[in-house]
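The next block is query_19.pdb, given as PDB, C-alpha atoms and all ligand atoms.
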```
ATOM      1  CA  MET A   1      17.291 -16.396   7.847  1.00  0.00           C
ATOM      2  CA  LEU A   2      16.975 -12.710   8.767  1.00  0.00           C
ATOM      3  CA  PRO A   3      13.549 -11.078   8.656  1.00  0.00           C
ATOM      4  CA  TRP A   4      12.897  -7.762   6.937  1.00  0.00           C
ATOM      5  CA  VAL A   5       9.470  -6.178   7.139  1.00  0.00           C
ATOM      6  CA  VAL A   6       7.875  -3.625   4.792  1.00  0.00           C
ATOM      7  CA  ARG A   7       5.025  -1.763   6.487  1.00  0.00           C
ATOM      8  CA  ARG A   8       3.073   1.417   6.007  1.00  0.00           C
ATOM      9  CA  THR A   9       3.624   4.398   8.298  1.00  0.00           C
ATOM     10  CA  ARG A  10       0.418   6.122   7.182  1.00  0.00           C
ATOM     11  CA  LEU A  11      -2.199   5.702   4.476  1.00  0.00           C
ATOM     12  CA  PRO A  12      -0.859   6.389   0.976  1.00  0.00           C
ATOM     13  CA  LEU A  13      -2.146   9.334  -1.050  1.00  0.00           C
ATOM     14  CA  LEU A  14      -4.173   8.746  -4.192  1.00  0.00           C
ATOM     15  CA  SER A  15      -3.116   9.822  -7.656  1.00  0.00           C
ATOM     16  CA  LEU A  16      -6.521  11.016  -8.748  1.00  0.00           C
ATOM     17  CA  ARG A  17      -7.232  14.036 -10.913  1.00  0.00           C
ATOM     18  CA  CYS A  18      -9.262  16.797  -9.258  1.00  0.00           C
ATOM     19  CA  VAL A  19     -12.143  18.019 -11.426  1.00  0.00           C
ATOM     20  CA  ASP A  20     -11.728  21.553 -10.052  1.00  0.00           C
ATOM     21  CA  CYS A  21      -8.015  22.347  -9.948  1.00  0.00           C
ATOM     22  CA  ARG A  22      -6.684  19.488 -12.120  1.00  0.00           C
ATOM     23  CA  SER A  23      -4.013  18.532  -9.605  1.00  0.00           C
ATOM     24  CA  GLU A  24      -3.475  14.815  -9.110  1.00  0.00           C
ATOM     25  CA  SER A  25      -3.182  14.196  -5.413  1.00  0.00           C
ATOM     26  CA  ALA A  26      -5.952  13.283  -2.997  1.00  0.00           C
ATOM     27  CA  THR A  27      -6.065  12.069   0.584  1.00  0.00           C
ATOM     28  CA  THR A  28      -8.506  10.119   2.724  1.00  0.00           C
ATOM     29  CA  GLY A  29      -7.500  12.307   5.690  1.00  0.00           C
ATOM     30  CA  GLU A  30      -8.811  10.686   8.862  1.00  0.00           C
ATOM     31  CA  GLY A  31     -10.952   8.422   6.715  1.00  0.00           C
ATOM     32  CA  ARG A  32     -14.707   8.809   6.291  1.00  0.00           C
ATOM     33  CA  PHE A  33     -17.407   6.740   4.648  1.00  0.00           C
ATOM     34  CA  ARG A  34     -20.800   7.916   3.517  1.00  0.00           C
ATOM     35  CA  VAL A  35     -23.668   5.452   3.534  1.00  0.00           C
ATOM     36  CA  ASN A  36     -26.857   6.241   1.680  1.00  0.00           C
ATOM     37  CA  ALA A  37     -29.994   4.094   1.871  1.00  0.00           C
ATOM     38  CA  ASN A  38     -32.420   4.034  -1.006  1.00  0.00           C
ATOM     39  CA  GLY A  39     -35.234   1.647  -0.095  1.00  0.00           C
ATOM     40  CA  LYS A  40     -33.545  -1.697   0.432  1.00  0.00           C
ATOM     41  CA  LEU A  41     -30.449  -0.713  -1.489  1.00  0.00           C
ATOM     42  CA  LEU A  42     -27.310   0.858  -0.094  1.00  0.00           C
ATOM     43  CA  ASP A  43     -24.583   2.973  -1.594  1.00  0.00           C
ATOM     44  CA  VAL A  44     -21.313   3.224   0.290  1.00  0.00           C
ATOM     45  CA  TRP A  45     -18.628   5.735  -0.616  1.00  0.00           C
ATOM     46  CA  LEU A  46     -15.195   6.503   0.723  1.00  0.00           C
ATOM     47  CA  LEU A  47     -14.637  10.260   0.857  1.00  0.00           C
ATOM     48  CA  VAL A  48     -11.350  11.720  -0.319  1.00  0.00           C
ATOM     49  CA  ARG A  49     -10.284  15.306  -0.736  1.00  0.00           C
ATOM     50  CA  CYS A  50      -7.932  17.107  -3.041  1.00  0.00           C
ATOM     51  CA  VAL A  51      -4.647  17.922  -1.299  1.00  0.00           C
ATOM     52  CA  PHE A  52      -4.488  21.313  -3.040  1.00  0.00           C
ATOM     53  CA  CYS A  53      -8.021  22.753  -3.089  1.00  0.00           C
ATOM     54  CA  ASP A  54      -9.834  20.541  -0.530  1.00  0.00           C
ATOM     55  CA  ARG A  55     -12.562  19.535  -2.963  1.00  0.00           C
ATOM     56  CA  THR A  56     -14.222  16.345  -1.715  1.00  0.00           C
ATOM     57  CA  SER A  57     -14.941  13.432  -4.034  1.00  0.00           C
ATOM     58  CA  LYS A  58     -16.692  10.146  -3.432  1.00  0.00           C
ATOM     59  CA  LEU A  59     -15.183   6.810  -4.347  1.00  0.00           C
ATOM     60  CA  THR A  60     -17.724   4.060  -4.893  1.00  0.00           C
ATOM     61  CA  VAL A  61     -17.254   1.163  -2.486  1.00  0.00           C
ATOM     62  CA  HIS A  62     -20.705  -0.448  -2.893  1.00  0.00           C
ATOM     63  CA  GLU A  63     -23.281   0.597  -5.436  1.00  0.00           C
ATOM     64  CA  ARG A  64     -26.965  -0.235  -5.006  1.00  0.00           C
ATOM     65  CA  ALA A  65     -26.162  -3.283  -2.906  1.00  0.00           C
ATOM     66  CA  PRO A  66     -29.060  -5.036  -1.103  1.00  0.00           C
ATOM     67  CA  VAL A  67     -29.059  -4.181   2.613  1.00  0.00           C
ATOM     68  CA  GLY A  68     -29.347  -7.905   3.361  1.00  0.00           C
ATOM     69  CA  SER A  69     -26.002  -8.577   1.669  1.00  0.00           C
ATOM     70  CA  PHE A  70     -24.171  -6.667   4.422  1.00  0.00           C
ATOM     71  CA  ASP A  71     -23.056  -8.243   7.643  1.00  0.00           C
ATOM     72  CA  PRO A  72     -24.543  -5.958  10.395  1.00  0.00           C
ATOM     73  CA  THR A  73     -21.128  -5.499  12.037  1.00  0.00           C
ATOM     74  CA  GLU A  74     -19.696  -4.474   8.664  1.00  0.00           C
ATOM     75  CA  LEU A  75     -22.408  -1.818   8.289  1.00  0.00           C
ATOM     76  CA  GLU A  76     -21.678  -0.561  11.769  1.00  0.00           C
ATOM     77  CA  ARG A  77     -18.007  -0.238  10.860  1.00  0.00           C
ATOM     78  CA  TYR A  78     -18.911   1.868   7.814  1.00  0.00           C
ATOM     79  CA  HIS A  79     -21.054   4.129   9.998  1.00  0.00           C
ATOM     80  CA  ASP A  80     -18.261   4.416  12.588  1.00  0.00           C
ATOM     81  CA  ASN A  81     -15.591   5.191   9.973  1.00  0.00           C
ATOM     82  CA  ASP A  82     -13.587   2.309  11.382  1.00  0.00           C
ATOM     83  CA  PRO A  83      -9.915   3.112  10.622  1.00  0.00           C
ATOM     84  CA  GLU A  84      -9.038  -0.505   9.821  1.00  0.00           C
ATOM     85  CA  LEU A  85     -11.905  -0.676   7.359  1.00  0.00           C
ATOM     86  CA  VAL A  86     -10.829   2.639   5.803  1.00  0.00           C
ATOM     87  CA  ALA A  87      -7.341   1.184   5.317  1.00  0.00           C
ATOM     88  CA  SER A  88      -8.435  -2.169   3.895  1.00  0.00           C
ATOM     89  CA  THR A  89     -10.950  -0.447   1.595  1.00  0.00           C
ATOM     90  CA  LEU A  90      -8.381   2.016   0.287  1.00  0.00           C
ATOM     91  CA  LEU A  91      -5.765  -0.705  -0.259  1.00  0.00           C
ATOM     92  CA  ASP A  92      -8.166  -3.041  -2.055  1.00  0.00           C
ATOM     93  CA  PRO A  93      -7.043  -3.089  -5.714  1.00  0.00           C
ATOM     94  CA  LEU A  94     -10.692  -3.397  -6.805  1.00  0.00           C
ATOM     95  CA  LEU A  95     -11.500   0.060  -5.420  1.00  0.00           C
ATOM     96  CA  ALA A  96      -8.587   1.564  -7.348  1.00  0.00           C
ATOM     97  CA  ARG A  97      -9.639  -0.138 -10.558  1.00  0.00           C
ATOM     98  CA  ARG A  98     -13.291   0.826 -10.225  1.00  0.00           C
ATOM     99  CA  ASN A  99     -12.529   4.463  -9.385  1.00  0.00           C
ATOM    100  CA  ARG A 100      -9.487   4.850 -11.636  1.00  0.00           C
ATOM    101  CA  PHE A 101      -6.779   5.973  -9.268  1.00  0.00           C
ATOM    102  CA  THR A 102      -3.400   4.630  -8.254  1.00  0.00           C
ATOM    103  CA  LEU A 103      -1.875   4.722  -4.799  1.00  0.00           C
ATOM    104  CA  ASP A 104       1.048   7.041  -4.156  1.00  0.00           C
ATOM    105  CA  TRP A 105       3.208   5.329  -1.544  1.00  0.00           C
ATOM    106  CA  LYS A 106       5.944   7.948  -1.462  1.00  0.00           C
ATOM    107  CA  GLY A 107       6.911   8.609   2.167  1.00  0.00           C
ATOM    108  CA  ALA A 108       4.112   6.383   3.450  1.00  0.00           C
ATOM    109  CA  TRP A 109       6.083   3.246   4.309  1.00  0.00           C
ATOM    110  CA  ARG A 110       9.293   2.041   5.873  1.00  0.00           C
ATOM    111  CA  LEU A 111      11.576  -0.941   5.810  1.00  0.00           C
ATOM    112  CA  ASP A 112      12.426  -2.529   9.133  1.00  0.00           C
ATOM    113  CA  ALA A 113      15.685  -4.252   8.297  1.00  0.00           C
ATOM    114  CA  SER A 114      17.579  -6.280  10.810  1.00  0.00           C
ATOM    115  CA  SER A 115      21.206  -5.190  11.070  1.00  0.00           C
ATOM    116  CA  GLU A 116      22.379  -8.437  12.673  1.00  0.00           C
ATOM    117  CA  TRP A 117      23.616  -9.560   9.297  1.00  0.00           C
ATOM    118  CA  LEU A 118      26.947  -7.862   9.948  1.00  0.00           C
ATOM    119  CA  ASP A 119      27.828 -10.586  12.461  1.00  0.00           C
ATOM    120  CA  GLU A 120      26.617 -13.529  10.419  1.00  0.00           C
ATOM    121  CA  ALA A 121      28.769 -15.853   8.369  1.00  0.00           C
ATOM    122  CA  TRP A 122      28.445 -15.462   4.600  1.00  0.00           C
ATOM    123  CA  PRO A 123      26.330 -16.035   2.683  1.00  0.00           C
ATOM    124  CA  VAL A 124      23.369 -14.463   4.503  1.00  0.00           C
ATOM    125  CA  ARG A 125      19.744 -15.250   3.700  1.00  0.00           C
ATOM    126  CA  VAL A 126      17.078 -12.597   4.144  1.00  0.00           C
ATOM    127  CA  GLU A 127      13.311 -13.011   4.034  1.00  0.00           C
ATOM    128  CA  VAL A 128      11.257  -9.940   3.076  1.00  0.00           C
ATOM    129  CA  VAL A 129       7.701  -9.872   4.434  1.00  0.00           C
ATOM    130  CA  PHE A 130       5.048  -7.332   3.369  1.00  0.00           C
ATOM    131  CA  GLU A 131       2.611  -6.249   6.056  1.00  0.00           C
ATOM    132  CA  ASP A 132       1.077  -3.845   3.561  1.00  0.00           C
ATOM    133  CA  PRO A 133       0.964  -4.088  -0.240  1.00  0.00           C
ATOM    134  CA  VAL A 134       3.639  -1.451  -0.924  1.00  0.00           C
ATOM    135  CA  PRO A 135       5.060  -1.918  -4.424  1.00  0.00           C
ATOM    136  CA  VAL A 136       8.856  -1.895  -4.153  1.00  0.00           C
ATOM    137  CA  ARG A 137      11.630  -2.638  -6.561  1.00  0.00           C
ATOM    138  CA  PRO A 138      13.753  -5.356  -4.898  1.00  0.00           C
ATOM    139  CA  GLU A 139      17.087  -3.884  -6.072  1.00  0.00           C
ATOM    140  CA  ARG A 140      16.279  -0.541  -4.440  1.00  0.00           C
ATOM    141  CA  LEU A 141      14.920  -2.078  -1.263  1.00  0.00           C
ATOM    142  CA  ILE A 142      17.973  -4.297  -0.854  1.00  0.00           C
ATOM    143  CA  ALA A 143      20.380  -1.428  -1.617  1.00  0.00           C
ATOM    144  CA  GLN A 144      18.650   0.663   1.031  1.00  0.00           C
ATOM    145  CA  GLY A 145      18.477  -2.134   3.598  1.00  0.00           C
ATOM    146  CA  LEU A 146      22.114  -3.186   3.229  1.00  0.00           C
ATOM    147  CA  GLY A 147      23.602   0.209   2.452  1.00  0.00           C
ATOM    148  CA  LEU A 148      25.031  -1.101  -0.819  1.00  0.00           C
ATOM    149  CA  SER A 149      25.236   0.538  -4.223  1.00  0.00           C
ATOM    150  CA  ARG A 150      22.898  -0.837  -6.856  1.00  0.00           C
ATOM    151  CA  ASN A 151      25.875  -2.268  -8.744  1.00  0.00           C
ATOM    152  CA  GLU A 152      26.955  -4.151  -5.640  1.00  0.00           C
ATOM    153  CA  VAL A 153      23.398  -5.419  -5.224  1.00  0.00           C
ATOM    154  CA  LEU A 154      23.425  -6.808  -8.753  1.00  0.00           C
ATOM    155  CA  ARG A 155      26.814  -8.455  -8.121  1.00  0.00           C
ATOM    156  CA  ARG A 156      26.242  -9.872  -4.632  1.00  0.00           C
ATOM    157  CA  ILE A 157      22.542 -10.750  -4.455  1.00  0.00           C
ATOM    158  CA  LYS A 158      21.056 -14.024  -5.554  1.00  0.00           C
ATOM    159  CA  CYS A 159      17.293 -14.012  -5.821  1.00  0.00           C
ATOM    160  CA  ASP A 160      14.615 -16.122  -7.491  1.00  0.00           C
ATOM    161  CA  ILE A 161      12.563 -13.146  -8.628  1.00  0.00           C
ATOM    162  CA  SER A 162      13.501 -10.256 -10.895  1.00  0.00           C
ATOM    163  CA  LEU A 163      15.330  -7.561  -8.909  1.00  0.00           C
ATOM    164  CA  ARG A 164      14.125  -4.879 -11.260  1.00  0.00           C
ATOM    165  CA  ARG A 165      10.401  -5.591 -11.312  1.00  0.00           C
ATOM    166  CA  SER A 166       8.197  -4.044  -8.607  1.00  0.00           C
ATOM    167  CA  THR A 167       6.567  -6.479  -6.243  1.00  0.00           C
ATOM    168  CA  SER A 168       4.512  -6.416  -3.079  1.00  0.00           C
ATOM    169  CA  SER A 169       4.670 -10.129  -2.349  1.00  0.00           C
ATOM    170  CA  GLY A 170       7.200 -11.631   0.013  1.00  0.00           C
ATOM    171  CA  PHE A 171      10.476 -12.976  -1.329  1.00  0.00           C
ATOM    172  CA  THR A 172      13.840 -14.190  -0.094  1.00  0.00           C
ATOM    173  CA  PHE A 173      17.337 -13.390  -1.266  1.00  0.00           C
ATOM    174  CA  THR A 174      20.915 -14.351  -0.471  1.00  0.00           C
ATOM    175  CA  VAL A 175      23.774 -11.914   0.077  1.00  0.00           C
ATOM    176  CA  MET A 176      27.143 -13.267  -1.043  1.00  0.00           C
ATOM    177  CA  ALA A 177      30.397 -12.152   0.626  1.00  0.00           C
ATOM    178  CA  GLY A 178      31.980  -8.962  -0.757  1.00  0.00           C
ATOM    179  CA  ASP A 179      35.470  -8.927  -2.280  1.00  0.00           C
TER     180      ASP A 179
HETATM  181 ZN    ZN B 201      -8.331  20.283  -6.381  1.00  0.00          ZN
END
```

Full structure transcribed into structure tokens:
Amino acid sequence: MLPWVVRRTRLPLLSLRCVDCRSESATTGEGRFRVNANGKLLDVWLLVRCVFCDRTSKLTVHERAPVGSFDPTELERYHDNDPELVASTLLDPLLARRNRFTLDWKGAWRLDASSEWLDEAWPVRVEVVFEDPVPVRPERLIAQGLGLSRNEVLRRIKCDISLRRSTSSGFTFTVMAGD
């Protein structure tokens, strides 16, 4: 079985409407949190800015959460703008749902496809692993990875999941010999 890996090359942009210029693209930039204490309650926001006019907005990560509910190392990571925490916060589907944005993955990921398959005997099995939750349409990913047309993909690929429906969970497929 040949391994293929889908991984991000940078953080995705956010499709989020700017209240000033009405454009729909925002970025976390380097990634910054803001933590605000109000008595024993904490608010934590992730700051993003409009790609076009630089207006900053705050995405709610925690709202009026008791200080005691935070692990001290977690709090420290918010204060330090820990890049891993920025990434996992941004990619958490809950944040997107709560703050009403979608992730724009265009140009923010790559496929590392093994090319050894050329020397293998047919049929070839490939396992696709997702290091990051990039939504991809299997038929496009496979066409890109194998350098095949989409028609050829539909003819030569056997797969247990729908090739047309976007997924970001791992799957395997089999490439049958060409004519
Ligand atoms: Zn703007």

*Set the cut-off to 7 Å, count all atoms listed in the file, and list whatever residues fall near ligand ZN 201 (chain B) as number ranges by chain.*
A: 18-23, 50-55

*asked:* What's around stretch 8-14 of chain A at 7 Å? Count all atoms listed in the file, leave out sequence neighbours fewer than 6 positions away in its own chain, and write the answer as a ChimeraX atom specification.
replied: /A:25-27,87,101-105,108-110,132

*Could you check how far atom CA of A:Trp122 sits from atom CA of A:Val175, in Å to one decimal?*
7.4 Å

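In this comparison, which uses all atoms listed in the file, the residue of A:Pro123, A:Gly39, A:Gly147, A:Pro133 approaching A:Leu2 most closely is A:Pro123.
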
Quick one: contact table of stretch 1-115 of chain A to stretch 165-169 of chain A, 12 Å max, nearest atom pair and distance in Å to one decimal per residue, counting all atoms listed in the file, chain and number order, as CSV?
```
residue,atom,partner,partner_atom,distance
A:Val5,CA,A:Ser169,CA,11.3
A:Val6,CA,A:Ser168,CA,9.0
A:Arg7,CA,A:Ser168,CA,10.6
A:Trp105,CA,A:Ser168,CA,11.9
```

*Counting all atoms listed in the file, figure out which residue out of A:Met1, A:Met176, A:Cys159, A:Leu95 gets nearest to A:Val44.*
A:Leu95

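Candidate residues A:Ser15, A:Arg155, A:Val61, A:Asp112 were compared for distance to A:Leu85, and the nearest is A:Val61, using all atoms listed in the file.
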
*atom CA of A:Val86 and atom CA of A:Ala37, how far apart in Å?*
19.6 Å

*Separation of atom CA of A:Leu16 and atom CA of A:Phe33, in Å?*
17.8 Å

*Give the answer as one residue: which of A:Ser57, A:Val126, A:Leu41, A:Arg100 has the shortest atom-to-atom distance to A:Thr172, using all atoms listed in the file?*
A:Val126

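With distances restricted to all atoms listed in the file, A:Pro83 is the closest residue to A:Arg32 from A:Pro83, A:Pro66, A:Pro93, A:Pro72.
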
*Neighbour list for A:Thr28 as a list of chain:residue names, cut-off 7 Å, all atoms listed in the file, skip fewer than 6 positions in-chain*: A:Leu47, A:Val48, A:Arg49

*Please provide as a VMD selection string all residues within 10 Å of A:Phe171, with the sequence filter that same-chain residues fewer than 4 positions apart are discarded (counting only C-alpha atoms).*
chain A and resid 126 to 130 138 159 to 161 167
